[in-house]
Amino acid sequence: MSKLKKAISVPVVFSLVFAAAGCSSPSNNASSNATPASGSTTAPTTQSADASKSGEQSNAKKTKLIFWDKSEYVKEYNDSQKERVAQFSKEFNVDVEYVAIPPADLKTKLLAAVEAGNPPDLLLADDFVAKQFVGNNQLVEISDILKKYDFREDSKKYAYALEGWYEVPVYHNPNVMYVRKDKVAEKNLELPKTWDDVKKVAKAINDPKNNFYGLGFQLGGGGDSNGRIENLIRTFGTDLVDKDGKVTVNTPEALEAIKYDTSFFTEKLTPPGAVTGDDSWNNTAYLNGQVGIIFNSSSVYAAMRKEKPELLNNTQIMPWPAGPKRQFGSGGGTVFVMFNKGKNIENAKKYIDYFFNKDFYGKLIEKLNGLAVPVLNGFENTEFWQKPENKGWFDASKNIVPLGDPGPPDARASQVISEYILPKAVQSIVVNNVDPKKALDEIEKNYKRVYEKK
């Protein structure tokens, strides 16, 4: 949301260490089916098959790779990644420590690891999480990797930072609006197309006595809350920062926007736990049939297809609503980054090459049912992405504005999201009855602290 995207997490942390088989033969499938960049002759890193034949690999000392990944709401993602890591471990004689961490916990763990001088070698995370490490020279420059593959131009756009190229795009995360169309039909209403429509529908279908609420919005930590509030402020006519990074959020229109967001909670259109709900909270609330409207990626869609087909039949998937002044799409992207204090950068680069094997990558993205849309050219016209139920997700990925838009694409945009400045401000109004103007002043103050060092 914001650019967020959001990645919906399973609230667990698991770590797996894969020990390589000492006499295994490396295969060339890390490169044979890779999607090269147009005009590129650079092949992904592989080991020579001759090495295994001569016994060199079996006698070689095992190396190690520490790989941190975010856990996804769609279980198939981490299962596929674990399987791929195990194959890599065996074929390249590498001990791999694969750790999957809920997005809400990832920033804290990363900061602690970086502070201790012991970051992972390879990280796969949301773009807004990764970008905060660009500005303080923590990451490895990756323009050599970008040249190996035919990345979509919009993929490179979200991975770009003013400091240069430090992020390898992995997949897009488009977000949509989920609406219980059966509940809307019961009240003889039209499906919502604007924010005013959203509130009108929410009021009409709200039924707290039967534990059903119009809205599945939340204010806890995570990208979902931030994305919704940022979208409201922008669609009401105010950019939080301008193209030069000057803070412009404190306007009458922005004040009306945060009051509007506050009303969703003060008017009891959300469940009681919404004020502290995190990024997985709204998924669960919608899948449990407790709420009528949420904004999310296709993780909810994938879960409904697998476990709740009746709910899917009663759901309408729609673009984000228009505000009084403007309308924006929503979503974000995930990226690979490598920390320059990592101890096994070479193995990290090998795994990135192994991950982008065309067959593995394409099948992994398809398993995620729109939660992930390919960042490489050559997939849009495949049979899977031309199906009507999938094409909309691919098209939605084309309209995602870059992180911090219209401001500079740098770590400051990540920092304001990671600090949950917007949801904390609205939360203060809802929980502590803070005056909305004072809450907006606090937003401006915190944005200036980050963007203007004031």
# chains A, B, ... in the order shown; residues from 1 in each chain; ligands from 1

$ closest_atom_pairs --of "range 190-302 of chain A" --to "range 120-138 of chain A" --cutoff "12 Å" --atoms "only C-alpha atoms" --output "tab-separated table"
residue	atom	partner	partner_atom	distance
A:Gly222	CA	A:Val129	CA	10.7
A:Gly223	CA	A:Phe128	CA	9.1
A:Asn226	CA	A:Phe128	CA	11.8
A:Gly227	CA	A:Phe128	CA	11.7

$ write_last_selection --atoms "N, CA and C atoms" --output "PDB file, in the first residue's frame"
ATOM      1  N   GLY A 222       2.967  -2.063  10.531  1.00  0.00           N
ATOM      2  CA  GLY A 222       2.938  -2.709   9.232  1.00  0.00           C
ATOM      3  C   GLY A 222       2.639  -1.736   8.120  1.00  0.00           C
ATOM      4  N   GLY A 223       2.771  -2.207   6.895  1.00  0.00           N
ATOM      5  CA  GLY A 223       2.593  -1.347   5.739  1.00  0.00           C
ATOM      6  C   GLY A 223       1.148  -1.065   5.374  1.00  0.00           C
ATOM      7  N   ASN A 226      -0.245   2.211   6.980  1.00  0.00           N
ATOM      8  CA  ASN A 226       0.432   3.358   6.391  1.00  0.00           C
ATOM      9  C   ASN A 226      -0.058   3.606   4.971  1.00  0.00           C
ATOM     10  N   GLY A 227      -0.203   2.527   4.201  1.00  0.00           N
ATOM     11  CA  GLY A 227      -0.626   2.665   2.818  1.00  0.00           C
ATOM     12  C   GLY A 227      -2.012   3.265   2.677  1.00  0.00           C
TER      13      GLY A 227
END

$ select_by_dssp --residues "range 158-304 of chain A" --states "alpha helix (DSSP H)" --output "PyMOL selection string"
chain A and resi 158-159+181-186+195-205+223-235+252-266+281-287+299-304

$ select_by_dssp --residues "range 108-269 of chain A" --states "strand (DSSP E or B)" --output "MDAnalysis selection string"
chainID A and resid 122:126 139 149 151 160:161 164:165 168:174 176:180 194 207 212:215 241 247

$ write_last_selection --atoms "N, CA and C atoms" --output "compact mmCIF listing (two decimals), in the first residue's frame"
# COMPACT_ATOMS: atom_id res chain seq x y z
N LEU A 122 22.47 -12.53 2.61
CA LEU A 122 21.45 -12.25 1.60
C LEU A 122 20.13 -11.99 2.30
N LEU A 123 19.42 -10.97 1.85
CA LEU A 123 18.12 -10.63 2.40
C LEU A 123 17.11 -10.49 1.28
N LEU A 124 15.93 -11.09 1.45
CA LEU A 124 14.81 -10.86 0.55
C LEU A 124 13.73 -10.19 1.39
N ALA A 125 13.38 -8.95 1.04
CA ALA A 125 12.46 -8.17 1.86
C ALA A 125 11.69 -7.19 1.01
N ASP A 126 10.70 -6.56 1.62
CA ASP A 126 9.98 -5.49 0.95
C ASP A 126 10.94 -4.35 0.64
N LEU A 139 25.04 -1.77 1.97
CA LEU A 139 24.70 -2.76 0.96
C LEU A 139 25.74 -2.86 -0.16
N TYR A 149 19.90 -9.92 -16.52
CA TYR A 149 18.52 -10.31 -16.77
C TYR A 149 17.73 -9.17 -17.40
N PHE A 151 15.05 -7.18 -16.98
CA PHE A 151 14.09 -6.66 -16.03
C PHE A 151 13.14 -5.66 -16.70
N TYR A 160 15.36 1.46 -7.78
CA TYR A 160 16.40 2.49 -7.91
C TYR A 160 16.45 3.38 -6.67
N ALA A 161 17.64 3.77 -6.30
CA ALA A 161 17.84 4.76 -5.24
C ALA A 161 18.78 5.84 -5.77
N GLY A 164 22.32 4.93 -6.09
CA GLY A 164 22.73 3.98 -7.11
C GLY A 164 21.91 2.70 -7.05
N TRP A 165 22.49 1.62 -7.58
CA TRP A 165 21.79 0.34 -7.68
C TRP A 165 22.26 -0.61 -6.57
N VAL A 168 18.03 -5.77 -6.07
CA VAL A 168 17.65 -6.60 -7.20
C VAL A 168 16.15 -6.87 -7.10
N PRO A 169 15.34 -6.40 -8.06
CA PRO A 169 13.90 -6.65 -7.99
C PRO A 169 13.60 -8.15 -8.00
N VAL A 170 12.60 -8.56 -7.22
CA VAL A 170 12.22 -9.98 -7.15
C VAL A 170 10.79 -10.19 -7.64
N TYR A 171 9.84 -9.45 -7.09
CA TYR A 171 8.48 -9.48 -7.63
C TYR A 171 7.69 -8.26 -7.19
N HIS A 172 6.70 -7.91 -8.01
CA HIS A 172 5.78 -6.81 -7.70
C HIS A 172 4.70 -7.31 -6.76
N ASN A 173 4.17 -6.40 -5.92
CA ASN A 173 3.06 -6.72 -5.01
C ASN A 173 1.90 -5.76 -5.26
N PRO A 174 1.06 -6.01 -6.26
CA PRO A 174 -0.09 -5.11 -6.45
C PRO A 174 -1.13 -5.31 -5.36
N VAL A 176 -5.27 -4.50 -4.07
CA VAL A 176 -6.61 -4.24 -4.58
C VAL A 176 -7.57 -4.06 -3.41
N MET A 177 -8.81 -3.69 -3.74
CA MET A 177 -9.87 -3.60 -2.74
C MET A 177 -10.75 -4.84 -2.85
N TYR A 178 -10.92 -5.52 -1.71
CA TYR A 178 -11.82 -6.68 -1.63
C TYR A 178 -13.14 -6.23 -1.03
N VAL A 179 -14.24 -6.57 -1.68
CA VAL A 179 -15.57 -6.14 -1.23
C VAL A 179 -16.50 -7.35 -1.18
N ARG A 180 -17.22 -7.50 -0.09
CA ARG A 180 -18.24 -8.54 0.01
C ARG A 180 -19.46 -8.12 -0.82
N THR A 194 -15.47 5.22 -4.80
CA THR A 194 -14.79 6.35 -4.16
C THR A 194 -14.69 6.08 -2.67
N ASP A 207 -22.73 -4.64 11.12
CA ASP A 207 -23.64 -5.40 11.97
C ASP A 207 -22.89 -5.95 13.19
N PHE A 212 -20.16 -8.74 12.67
CA PHE A 212 -19.76 -8.41 11.31
C PHE A 212 -19.61 -6.89 11.20
N TYR A 213 -18.48 -6.47 10.62
CA TYR A 213 -18.16 -5.05 10.54
C TYR A 213 -17.93 -4.65 9.09
N GLY A 214 -18.26 -3.41 8.79
CA GLY A 214 -18.14 -2.94 7.42
C GLY A 214 -16.72 -2.92 6.90
N LEU A 215 -15.75 -2.60 7.77
CA LEU A 215 -14.37 -2.38 7.34
C LEU A 215 -13.37 -3.24 8.10
N VAL A 241 5.37 14.77 0.62
CA VAL A 241 6.60 15.51 0.30
C VAL A 241 6.55 15.87 -1.18
N VAL A 247 8.91 18.64 2.88
CA VAL A 247 7.69 18.15 3.51
C VAL A 247 6.54 19.11 3.24

$ closest_residue --among "A:Gly332, A:Pro324, A:Pro436, A:Pro252" --to "Tyr158 in chain A" --atoms "only C-alpha atoms"
A:Gly332

$ closest_residue --among "A:Lys109, A:Lys391, A:Lys437, A:Lys199" --to "Pro321 in chain A" --atoms "only C-alpha atoms"
A:Lys199

$ closest_residue --among "A:Asp353, A:Glu230, A:Glu389, A:Asp239" --to "Lys147 in chain A" --atoms "only C-alpha atoms"
A:Asp353

$ closest_residue --among "A:Phe356, A:Tyr361, A:Phe295, A:Tyr301" --to "Asp224 in chain A" --atoms "only C-alpha atoms"
A:Phe295

$ closest_residue --among "A:Val300, A:Val96, A:Ala274, A:Met318" --to "Val198 in chain A" --atoms "only C-alpha atoms"
A:Met318

$ closest_residue --among "A:Gly277, A:Leu422, A:Lys325, A:Ile352" --to "Glu253 in chain A" --atoms "only C-alpha atoms"
A:Lys325

$ residues_around --residues "range 384-386 of chain A" --least-positions-apart "6" --cutoff "12 Å" --atoms "only C-alpha atoms" --output "ChimeraX atom specification"
/A:362-363,365-370,372-374,378,392-395

$ write_last_selection --atoms "C-alpha atoms" --output "PDB file, in the first residue's frame"
ATOM      1  CA  GLY A 362       7.980 -18.609 -13.290  1.00  0.00           C
ATOM      2  CA  LYS A 363       6.389 -21.467 -11.343  1.00  0.00           C
ATOM      3  CA  ILE A 365       5.330 -16.586  -9.114  1.00  0.00           C
ATOM      4  CA  GLU A 366       2.347 -18.538 -10.435  1.00  0.00           C
ATOM      5  CA  LYS A 367       1.935 -20.313  -7.092  1.00  0.00           C
ATOM      6  CA  LEU A 368       1.471 -16.956  -5.411  1.00  0.00           C
ATOM      7  CA  ASN A 369      -1.684 -16.172  -7.429  1.00  0.00           C
ATOM      8  CA  GLY A 370      -1.054 -12.469  -7.928  1.00  0.00           C
ATOM      9  CA  ALA A 372       3.684 -11.783  -6.812  1.00  0.00           C
ATOM     10  CA  VAL A 373       3.879 -10.507 -10.389  1.00  0.00           C
ATOM     11  CA  PRO A 374       7.085 -11.107 -12.402  1.00  0.00           C
ATOM     12  CA  GLY A 378       8.784 -12.431 -21.133  1.00  0.00           C
ATOM     13  CA  GLY A 392      -5.919  -8.061 -13.777  1.00  0.00           C
ATOM     14  CA  TRP A 393      -3.177  -8.621 -11.240  1.00  0.00           C
ATOM     15  CA  PHE A 394      -0.474  -8.208 -13.878  1.00  0.00           C
ATOM     16  CA  ASP A 395      -2.124  -5.034 -15.165  1.00  0.00           C
TER      17      ASP A 395
END
